Structure formats: structure tokens, C-alpha cells
Amino acid sequence: MNTLIRWGKFNLVGVMGMVVQLAALTLIDRCAPGHYLFATAAAIELALLHNFVWHIRYTWHDRRDSSALWIQCVRFHLSNGLVSLVGNLAIMRILVDEAHMLLLPANMIAILVCSIVNFYLGDRWAFAGGA
């Protein structure tokens with residue numbers, strides 16, 4: 001598949017994942033207020049699971065290989081998950097604590113910053129053909 005088409009699919013899934021993450025963050029923050037970084041981490045995990053399902057079925061459906069589904073999920077979490085978690089938490093801390101931004105706009109910026117690295121890691125490792 002053409003990389004530009006895959007990038008478009010990746011971004012479509014990413015937008016849906018962003019909605020999941022922002023909705024989860026809002027819900028967690030309202031229902032169980034506490035430290036925003038814990039709420040952010042939980043929302044990221046929900047979005048990661050959502051995105052994995054869509055990526056395996058849509059973005060990289062042509063890359064299904066003999067690897068067990070759980071192995072691809074582990075690779076996805078080790079790549080996209082770590083980038084999203086570490087990147088989002090670090091950026092959120094800077095934007096919320098230091099720049100005094102509101103929670104949701106800060107989280108949107110953090111998601112966007114991490115997306116390019118996540119596409120590369122997904123394409124080259126997590127969903128690499130024959131990996």
C-alpha cells in the first residue's frame with residue numbers, strides 16, 4: 001500500500017483515538033477527580049487499545065503475518081504506547097503545570113506531537129510485514 005494512503009488511514013484512526021482519549025480524560029476527570037496525569041495515563045491506554053484494533057483491521061490490514069495478535073499488540077504498546085505515554089505525560093506536565101494551559105487543549109497538542117513518531121514505529125516495527 002502507498003505510504004501516503006496508509007498515513008491518511010493512520011490519521012483517520014488517530015482522530016478517532018483522539019476523540020476516545022479526550023472523552024475518557026473528561027469522564028475520568030469528572031467522575032474521579034484527582035491528579036490529571038493519572039487520568040491522562042488511563043485515557044491513553046483506552047485510546048491505545050481502540051487504535052490497535054482499528055490499525056490491525058484497517059490501517060495495516062495487509063500486514064497481517066504469522067505473528068500472534070497478542071505479539072503485535074505488545075509491539076504496538078512497546079512502540080506507540082511508550083511514545084504516547086511518555087510523550088503525552090511529559091508534554092502535559094509542561095503545558096498544564098508550566099504554561100497553565102487547560103487540560104483538553106494541552107492534551108490535543110501532546111497527541112499531535114507524538115503522532116509522527118508513532119506512525120513511523122507502527123509502520124516499521126509494530127505492524128511490519130513478516131516481523
# chains A, B, ... in the order shown; residues from 1 in each chain; ligands from 1

call {"tool": "select_by_dssp", "arguments": {"residues": "chain A", "states": "helix (DSSP H, G or I)", "output": "mmCIF file with N, CA and C atoms, in the first residue's frame"}}
result
data_model
loop_
_atom_site.group_PDB
_atom_site.id
_atom_site.type_symbol
_atom_site.label_atom_id
_atom_site.label_comp_id
_atom_site.auth_asym_id
_atom_site.auth_seq_id
_atom_site.Cartn_x
_atom_site.Cartn_y
_atom_site.Cartn_z
ATOM 1 N N THR A 3 2.454 4.644 0.980
ATOM 2 C CA THR A 3 2.696 5.227 2.303
ATOM 3 C C THR A 3 1.775 6.412 2.582
ATOM 4 N N LEU A 4 1.488 7.218 1.573
ATOM 5 C CA LEU A 4 0.610 8.375 1.755
ATOM 6 C C LEU A 4 -0.816 7.940 2.096
ATOM 7 N N ILE A 5 -1.292 6.890 1.446
ATOM 8 C CA ILE A 5 -2.626 6.364 1.757
ATOM 9 C C ILE A 5 -2.639 5.802 3.174
ATOM 10 N N ARG A 6 -1.582 5.052 3.521
ATOM 11 C CA ARG A 6 -1.504 4.485 4.879
ATOM 12 C C ARG A 6 -1.440 5.601 5.922
ATOM 13 N N TRP A 7 -0.691 6.683 5.621
ATOM 14 C CA TRP A 7 -0.596 7.827 6.533
ATOM 15 C C TRP A 7 -1.990 8.434 6.743
ATOM 16 N N GLY A 8 -2.771 8.535 5.670
ATOM 17 C CA GLY A 8 -4.140 9.045 5.784
ATOM 18 C C GLY A 8 -4.998 8.148 6.666
ATOM 19 N N LYS A 9 -4.900 6.836 6.459
ATOM 20 C CA LYS A 9 -5.652 5.891 7.290
ATOM 21 C C LYS A 9 -5.208 5.988 8.753
ATOM 22 N N PHE A 10 -3.888 6.086 8.948
ATOM 23 C CA PHE A 10 -3.342 6.224 10.297
ATOM 24 C C PHE A 10 -3.929 7.459 10.986
ATOM 25 N N ASN A 11 -3.992 8.556 10.256
ATOM 26 C CA ASN A 11 -4.521 9.792 10.833
ATOM 27 C C ASN A 11 -6.018 9.720 11.092
ATOM 28 N N LEU A 12 -6.768 9.026 10.250
ATOM 29 C CA LEU A 12 -8.193 8.840 10.494
ATOM 30 C C LEU A 12 -8.412 8.060 11.790
ATOM 31 N N VAL A 13 -7.665 6.969 11.944
ATOM 32 C CA VAL A 13 -7.734 6.198 13.189
ATOM 33 C C VAL A 13 -7.276 7.069 14.360
ATOM 34 N N GLY A 14 -6.232 7.861 14.123
ATOM 35 C CA GLY A 14 -5.722 8.745 15.172
ATOM 36 C C GLY A 14 -6.741 9.768 15.631
ATOM 37 N N VAL A 15 -7.506 10.318 14.699
ATOM 38 C CA VAL A 15 -8.552 11.286 15.067
ATOM 39 C C VAL A 15 -9.621 10.597 15.913
ATOM 40 N N MET A 16 -10.008 9.384 15.509
ATOM 41 C CA MET A 16 -10.989 8.641 16.316
ATOM 42 C C MET A 16 -10.409 8.330 17.697
ATOM 43 N N GLY A 17 -9.134 7.945 17.730
ATOM 44 C CA GLY A 17 -8.472 7.671 19.003
ATOM 45 C C GLY A 17 -8.368 8.912 19.869
ATOM 46 N N MET A 18 -8.157 10.060 19.228
ATOM 47 C CA MET A 18 -8.091 11.318 19.979
ATOM 48 C C MET A 18 -9.442 11.609 20.636
ATOM 49 N N VAL A 19 -10.518 11.350 19.901
ATOM 50 C CA VAL A 19 -11.860 11.546 20.480
ATOM 51 C C VAL A 19 -12.051 10.614 21.672
ATOM 52 N N VAL A 20 -11.643 9.354 21.524
ATOM 53 C CA VAL A 20 -11.734 8.397 22.630
ATOM 54 C C VAL A 20 -10.919 8.891 23.821
ATOM 55 N N GLN A 21 -9.681 9.313 23.557
ATOM 56 C CA GLN A 21 -8.802 9.768 24.638
ATOM 57 C C GLN A 21 -9.350 11.012 25.330
ATOM 58 N N LEU A 22 -9.803 11.990 24.566
ATOM 59 C CA LEU A 22 -10.319 13.226 25.162
ATOM 60 C C LEU A 22 -11.619 12.979 25.926
ATOM 61 N N ALA A 23 -12.485 12.121 25.379
ATOM 62 C CA ALA A 23 -13.738 11.787 26.079
ATOM 63 C C ALA A 23 -13.437 11.036 27.373
ATOM 64 N N ALA A 24 -12.507 10.084 27.300
ATOM 65 C CA ALA A 24 -12.136 9.332 28.500
ATOM 66 C C ALA A 24 -11.504 10.249 29.539
ATOM 67 N N LEU A 25 -10.633 11.148 29.097
ATOM 68 C CA LEU A 25 -9.992 12.088 30.014
ATOM 69 C C LEU A 25 -11.029 12.966 30.702
ATOM 70 N N THR A 26 -11.976 13.455 29.941
ATOM 71 C CA THR A 26 -13.039 14.288 30.501
ATOM 72 C C THR A 26 -13.864 13.500 31.511
ATOM 73 N N LEU A 27 -14.264 12.294 31.131
ATOM 74 C CA LEU A 27 -15.094 11.457 32.006
ATOM 75 C C LEU A 27 -14.350 11.087 33.289
ATOM 76 N N ILE A 28 -13.103 10.661 33.156
ATOM 77 C CA ILE A 28 -12.310 10.287 34.336
ATOM 78 C C ILE A 28 -12.109 11.495 35.241
ATOM 79 N N ASP A 29 -11.800 12.630 34.657
ATOM 80 C CA ASP A 29 -11.560 13.837 35.437
ATOM 81 C C ASP A 29 -12.822 14.291 36.184
ATOM 82 N N ARG A 30 -13.972 14.093 35.580
ATOM 83 C CA ARG A 30 -15.235 14.495 36.232
ATOM 84 C C ARG A 30 -15.710 13.489 37.263
ATOM 85 N N CYS A 31 -15.569 12.199 36.950
ATOM 86 C CA CYS A 31 -16.087 11.157 37.840
ATOM 87 C C CYS A 31 -15.142 10.826 38.995
ATOM 88 N N TYR A 36 -4.276 14.993 37.240
ATOM 89 C CA TYR A 36 -4.538 14.915 35.800
ATOM 90 C C TYR A 36 -3.613 13.948 35.076
ATOM 91 N N LEU A 37 -2.416 13.695 35.598
ATOM 92 C CA LEU A 37 -1.508 12.774 34.916
ATOM 93 C C LEU A 37 -2.001 11.324 35.006
ATOM 94 N N PHE A 38 -2.615 10.931 36.121
ATOM 95 C CA PHE A 38 -3.185 9.586 36.230
ATOM 96 C C PHE A 38 -4.365 9.435 35.278
ATOM 97 N N ALA A 39 -5.202 10.455 35.221
ATOM 98 C CA ALA A 39 -6.337 10.433 34.299
ATOM 99 C C ALA A 39 -5.849 10.384 32.853
ATOM 100 N N THR A 40 -4.790 11.116 32.555
ATOM 101 C CA THR A 40 -4.219 11.116 31.209
ATOM 102 C C THR A 40 -3.690 9.729 30.852
ATOM 103 N N ALA A 41 -2.984 9.084 31.759
ATOM 104 C CA ALA A 41 -2.437 7.744 31.504
ATOM 105 C C ALA A 41 -3.554 6.738 31.234
ATOM 106 N N ALA A 42 -4.618 6.769 32.015
ATOM 107 C CA ALA A 42 -5.751 5.854 31.798
ATOM 108 C C ALA A 42 -6.421 6.120 30.455
ATOM 109 N N ALA A 43 -6.596 7.385 30.106
ATOM 110 C CA ALA A 43 -7.211 7.741 28.831
ATOM 111 C C ALA A 43 -6.328 7.303 27.660
ATOM 112 N N ILE A 44 -5.018 7.410 27.816
ATOM 113 C CA ILE A 44 -4.092 6.964 26.767
ATOM 114 C C ILE A 44 -4.233 5.463 26.540
ATOM 115 N N GLU A 45 -4.320 4.697 27.610
ATOM 116 C CA GLU A 45 -4.441 3.243 27.458
ATOM 117 C C GLU A 45 -5.730 2.869 26.730
ATOM 118 N N LEU A 46 -6.826 3.518 27.052
ATOM 119 C CA LEU A 46 -8.081 3.251 26.335
ATOM 120 C C LEU A 46 -7.935 3.581 24.848
ATOM 121 N N ALA A 47 -7.315 4.706 24.549
ATOM 122 C CA ALA A 47 -7.113 5.096 23.154
ATOM 123 C C ALA A 47 -6.164 4.121 22.445
ATOM 124 N N LEU A 48 -5.136 3.640 23.139
ATOM 125 C CA LEU A 48 -4.204 2.674 22.544
ATOM 126 C C LEU A 48 -4.920 1.388 22.136
ATOM 127 N N LEU A 49 -5.757 0.875 23.019
ATOM 128 C CA LEU A 49 -6.490 -0.350 22.705
ATOM 129 C C LEU A 49 -7.441 -0.116 21.532
ATOM 130 N N HIS A 50 -8.130 1.010 21.544
ATOM 131 C CA HIS A 50 -9.012 1.389 20.435
ATOM 132 C C HIS A 50 -8.224 1.448 19.127
ATOM 133 N N ASN A 51 -7.107 2.174 19.140
ATOM 134 C CA ASN A 51 -6.317 2.360 17.931
ATOM 135 C C ASN A 51 -5.718 1.049 17.433
ATOM 136 N N PHE A 52 -5.293 0.186 18.339
ATOM 137 C CA PHE A 52 -4.727 -1.096 17.927
ATOM 138 C C PHE A 52 -5.738 -1.894 17.113
ATOM 139 N N VAL A 53 -6.956 -1.964 17.606
ATOM 140 C CA VAL A 53 -7.996 -2.723 16.900
ATOM 141 C C VAL A 53 -8.214 -2.147 15.503
ATOM 142 N N TRP A 54 -8.324 -0.831 15.407
ATOM 143 C CA TRP A 54 -8.534 -0.205 14.103
ATOM 144 C C TRP A 54 -7.316 -0.352 13.194
ATOM 145 N N HIS A 55 -6.122 -0.209 13.724
ATOM 146 C CA HIS A 55 -4.925 -0.342 12.893
ATOM 147 C C HIS A 55 -4.774 -1.757 12.346
ATOM 148 N N ILE A 56 -5.051 -2.749 13.158
ATOM 149 C CA ILE A 56 -4.887 -4.135 12.726
ATOM 150 C C ILE A 56 -5.925 -4.494 11.662
ATOM 151 N N ARG A 57 -7.103 -3.865 11.742
ATOM 152 C CA ARG A 57 -8.184 -4.180 10.804
ATOM 153 C C ARG A 57 -8.269 -3.225 9.614
ATOM 154 N N TYR A 58 -7.659 -2.039 9.714
ATOM 155 C CA TYR A 58 -7.848 -1.015 8.687
ATOM 156 C C TYR A 58 -6.520 -0.468 8.154
ATOM 157 N N THR A 59 -5.729 0.134 9.007
ATOM 158 C CA THR A 59 -4.505 0.800 8.557
ATOM 159 C C THR A 59 -3.483 -0.189 8.017
ATOM 160 N N HIS A 61 -4.078 -3.663 7.667
ATOM 161 C CA HIS A 61 -4.753 -4.951 7.458
ATOM 162 C C HIS A 61 -3.987 -5.845 6.489
ATOM 163 N N ASP A 62 -3.236 -5.253 5.590
ATOM 164 C CA ASP A 62 -2.465 -6.018 4.614
ATOM 165 C C ASP A 62 -1.146 -6.550 5.188
ATOM 166 N N ARG A 63 -0.871 -6.225 6.429
ATOM 167 C CA ARG A 63 0.385 -6.644 7.054
ATOM 168 C C ARG A 63 0.187 -7.763 8.072
ATOM 169 N N LEU A 69 -1.692 -12.308 17.355
ATOM 170 C CA LEU A 69 -2.274 -10.988 17.568
ATOM 171 C C LEU A 69 -1.712 -10.335 18.830
ATOM 172 N N TRP A 70 -1.534 -11.115 19.880
ATOM 173 C CA TRP A 70 -1.030 -10.543 21.133
ATOM 174 C C TRP A 70 0.411 -10.053 20.983
ATOM 175 N N ILE A 71 1.200 -10.680 20.098
ATOM 176 C CA ILE A 71 2.572 -10.215 19.866
ATOM 177 C C ILE A 71 2.545 -8.846 19.187
ATOM 178 N N GLN A 72 1.664 -8.672 18.202
ATOM 179 C CA GLN A 72 1.546 -7.366 17.571
ATOM 180 C C GLN A 72 1.026 -6.329 18.560
ATOM 181 N N CYS A 73 0.131 -6.732 19.444
ATOM 182 C CA CYS A 73 -0.377 -5.802 20.463
ATOM 183 C C CYS A 73 0.752 -5.384 21.415
ATOM 184 N N VAL A 74 1.600 -6.323 21.786
ATOM 185 C CA VAL A 74 2.744 -6.000 22.648
ATOM 186 C C VAL A 74 3.701 -5.051 21.924
ATOM 187 N N ARG A 75 4.001 -5.353 20.655
ATOM 188 C CA ARG A 75 4.882 -4.463 19.887
ATOM 189 C C ARG A 75 4.261 -3.064 19.755
ATOM 190 N N PHE A 76 2.950 -3.005 19.546
ATOM 191 C CA PHE A 76 2.262 -1.723 19.431
ATOM 192 C C PHE A 76 2.371 -0.949 20.743
ATOM 193 N N HIS A 77 2.172 -1.640 21.863
ATOM 194 C CA HIS A 77 2.280 -0.972 23.166
ATOM 195 C C HIS A 77 3.716 -0.537 23.463
ATOM 196 N N LEU A 78 4.692 -1.360 23.088
ATOM 197 C CA LEU A 78 6.093 -1.001 23.334
ATOM 198 C C LEU A 78 6.559 0.165 22.462
ATOM 199 N N SER A 79 5.953 0.331 21.315
ATOM 200 C CA SER A 79 6.340 1.443 20.442
ATOM 201 C C SER A 79 5.376 2.617 20.617
ATOM 202 N N ASN A 80 4.217 2.514 20.032
ATOM 203 C CA ASN A 80 3.244 3.606 20.103
ATOM 204 C C ASN A 80 2.812 3.891 21.534
ATOM 205 N N GLY A 81 2.689 2.860 22.329
ATOM 206 C CA GLY A 81 2.271 3.045 23.712
ATOM 207 C C GLY A 81 3.266 3.845 24.529
ATOM 208 N N LEU A 82 4.539 3.463 24.425
ATOM 209 C CA LEU A 82 5.561 4.193 25.185
ATOM 210 C C LEU A 82 5.722 5.626 24.700
ATOM 211 N N VAL A 83 5.725 5.816 23.387
ATOM 212 C CA VAL A 83 5.822 7.179 22.853
ATOM 213 C C VAL A 83 4.634 8.011 23.330
ATOM 214 N N SER A 84 3.428 7.436 23.228
ATOM 215 C CA SER A 84 2.229 8.168 23.639
ATOM 216 C C SER A 84 2.234 8.456 25.128
ATOM 217 N N LEU A 85 2.569 7.466 25.920
ATOM 218 C CA LEU A 85 2.541 7.648 27.369
ATOM 219 C C LEU A 85 3.605 8.627 27.842
ATOM 220 N N VAL A 86 4.852 8.365 27.484
ATOM 221 C CA VAL A 86 5.938 9.241 27.933
ATOM 222 C C VAL A 86 5.801 10.629 27.315
ATOM 223 N N GLY A 87 5.543 10.665 26.014
ATOM 224 C CA GLY A 87 5.403 11.953 25.331
ATOM 225 C C GLY A 87 4.242 12.770 25.856
ATOM 226 N N ASN A 88 3.062 12.136 25.984
ATOM 227 C CA ASN A 88 1.897 12.850 26.486
ATOM 228 C C ASN A 88 2.096 13.337 27.907
ATOM 229 N N LEU A 89 2.612 12.480 28.773
ATOM 230 C CA LEU A 89 2.782 12.889 30.167
ATOM 231 C C LEU A 89 3.803 14.017 30.305
ATOM 232 N N ALA A 90 4.896 13.932 29.564
ATOM 233 C CA ALA A 90 5.911 14.992 29.639
ATOM 234 C C ALA A 90 5.369 16.307 29.084
ATOM 235 N N ILE A 91 4.721 16.224 27.934
ATOM 236 C CA ILE A 91 4.183 17.443 27.324
ATOM 237 C C ILE A 91 3.052 18.018 28.166
ATOM 238 N N MET A 92 2.198 17.143 28.699
ATOM 239 C CA MET A 92 1.100 17.616 29.553
ATOM 240 C C MET A 92 1.645 18.334 30.789
ATOM 241 N N ARG A 93 2.671 17.769 31.393
ATOM 242 C CA ARG A 93 3.242 18.410 32.584
ATOM 243 C C ARG A 93 3.754 19.808 32.250
ATOM 244 N N ILE A 94 4.419 19.939 31.125
ATOM 245 C CA ILE A 94 4.943 21.250 30.712
ATOM 246 C C ILE A 94 3.797 22.213 30.398
ATOM 247 N N LEU A 95 2.839 21.757 29.602
ATOM 248 C CA LEU A 95 1.770 22.660 29.163
ATOM 249 C C LEU A 95 0.793 23.019 30.284
ATOM 250 N N VAL A 96 0.460 22.051 31.141
ATOM 251 C CA VAL A 96 -0.508 22.317 32.213
ATOM 252 C C VAL A 96 0.157 23.006 33.399
ATOM 253 N N ASP A 97 1.264 22.440 33.897
ATOM 254 C CA ASP A 97 1.910 22.992 35.091
ATOM 255 C C ASP A 97 2.697 24.272 34.813
ATOM 256 N N GLU A 98 3.431 24.284 33.733
ATOM 257 C CA GLU A 98 4.314 25.415 33.463
ATOM 258 C C GLU A 98 3.639 26.514 32.633
ATOM 259 N N LEU A 103 -6.663 21.612 30.324
ATOM 260 C CA LEU A 103 -6.373 20.193 30.185
ATOM 261 C C LEU A 103 -6.573 19.668 28.756
ATOM 262 N N LEU A 104 -7.731 19.880 28.159
ATOM 263 C CA LEU A 104 -8.011 19.304 26.848
ATOM 264 C C LEU A 104 -7.177 19.907 25.718
ATOM 265 N N PRO A 105 -7.020 21.225 25.624
ATOM 266 C CA PRO A 105 -6.143 21.745 24.567
ATOM 267 C C PRO A 105 -4.696 21.255 24.725
ATOM 268 N N ALA A 106 -4.230 21.161 25.957
ATOM 269 C CA ALA A 106 -2.871 20.657 26.199
ATOM 270 C C ALA A 106 -2.755 19.214 25.723
ATOM 271 N N ASN A 107 -3.778 18.407 25.983
ATOM 272 C CA ASN A 107 -3.750 17.010 25.575
ATOM 273 C C ASN A 107 -3.816 16.873 24.056
ATOM 274 N N MET A 108 -4.563 17.722 23.394
ATOM 275 C CA MET A 108 -4.619 17.698 21.929
ATOM 276 C C MET A 108 -3.243 17.984 21.331
ATOM 277 N N ILE A 109 -2.554 18.946 21.875
ATOM 278 C CA ILE A 109 -1.203 19.274 21.396
ATOM 279 C C ILE A 109 -0.262 18.093 21.620
ATOM 280 N N ALA A 110 -0.342 17.477 22.791
ATOM 281 C CA ALA A 110 0.523 16.335 23.109
ATOM 282 C C ALA A 110 0.278 15.177 22.142
ATOM 283 N N ILE A 111 -0.970 14.911 21.824
ATOM 284 C CA ILE A 111 -1.316 13.835 20.898
ATOM 285 C C ILE A 111 -0.715 14.110 19.517
ATOM 286 N N LEU A 112 -0.873 15.322 19.045
ATOM 287 C CA LEU A 112 -0.369 15.674 17.713
ATOM 288 C C LEU A 112 1.152 15.575 17.626
ATOM 289 N N VAL A 113 1.839 16.004 18.676
ATOM 290 C CA VAL A 113 3.302 15.959 18.681
ATOM 291 C C VAL A 113 3.806 14.517 18.574
ATOM 292 N N CYS A 114 3.119 13.591 19.213
ATOM 293 C CA CYS A 114 3.563 12.190 19.233
ATOM 294 C C CYS A 114 3.182 11.419 17.969
ATOM 295 N N SER A 115 2.277 11.929 17.159
ATOM 296 C CA SER A 115 1.718 11.145 16.058
ATOM 297 C C SER A 115 2.728 10.767 14.972
ATOM 298 N N ILE A 116 3.653 11.636 14.636
ATOM 299 C CA ILE A 116 4.607 11.317 13.557
ATOM 300 C C ILE A 116 5.526 10.170 13.971
ATOM 301 N N VAL A 117 6.024 10.222 15.184
ATOM 302 C CA VAL A 117 6.889 9.137 15.675
ATOM 303 C C VAL A 117 6.085 7.833 15.731
ATOM 304 N N ASN A 118 4.840 7.921 16.158
ATOM 305 C CA ASN A 118 4.008 6.723 16.254
ATOM 306 C C ASN A 118 3.748 6.088 14.890
ATOM 307 N N PHE A 119 3.534 6.898 13.861
ATOM 308 C CA PHE A 119 3.328 6.326 12.526
ATOM 309 C C PHE A 119 4.577 5.578 12.079
ATOM 310 N N TYR A 120 5.717 6.192 12.230
ATOM 311 C CA TYR A 120 6.977 5.556 11.816
ATOM 312 C C TYR A 120 7.175 4.223 12.548
ATOM 313 N N LEU A 121 6.994 4.213 13.858
ATOM 314 C CA LEU A 121 7.189 2.985 14.636
ATOM 315 C C LEU A 121 6.158 1.917 14.280
ATOM 316 N N GLY A 122 4.927 2.337 14.050
ATOM 317 C CA GLY A 122 3.904 1.382 13.650
ATOM 318 C C GLY A 122 4.217 0.757 12.301
ATOM 319 N N ASP A 123 4.629 1.597 11.366
ATOM 320 C CA ASP A 123 4.899 1.138 10.006
ATOM 321 C C ASP A 123 6.145 0.269 9.931
ATOM 322 N N ARG A 124 7.171 0.610 10.680
ATOM 323 C CA ARG A 124 8.458 -0.080 10.590
ATOM 324 C C ARG A 124 8.636 -1.237 11.555
ATOM 325 N N TRP A 125 7.829 -1.285 12.639
ATOM 326 C CA TRP A 125 8.053 -2.348 13.612
ATOM 327 C C TRP A 125 6.769 -3.028 14.076
ATOM 328 N N ALA A 126 5.852 -2.277 14.674
ATOM 329 C CA ALA A 126 4.669 -2.897 15.274
ATOM 330 C C ALA A 126 3.846 -3.686 14.264
#
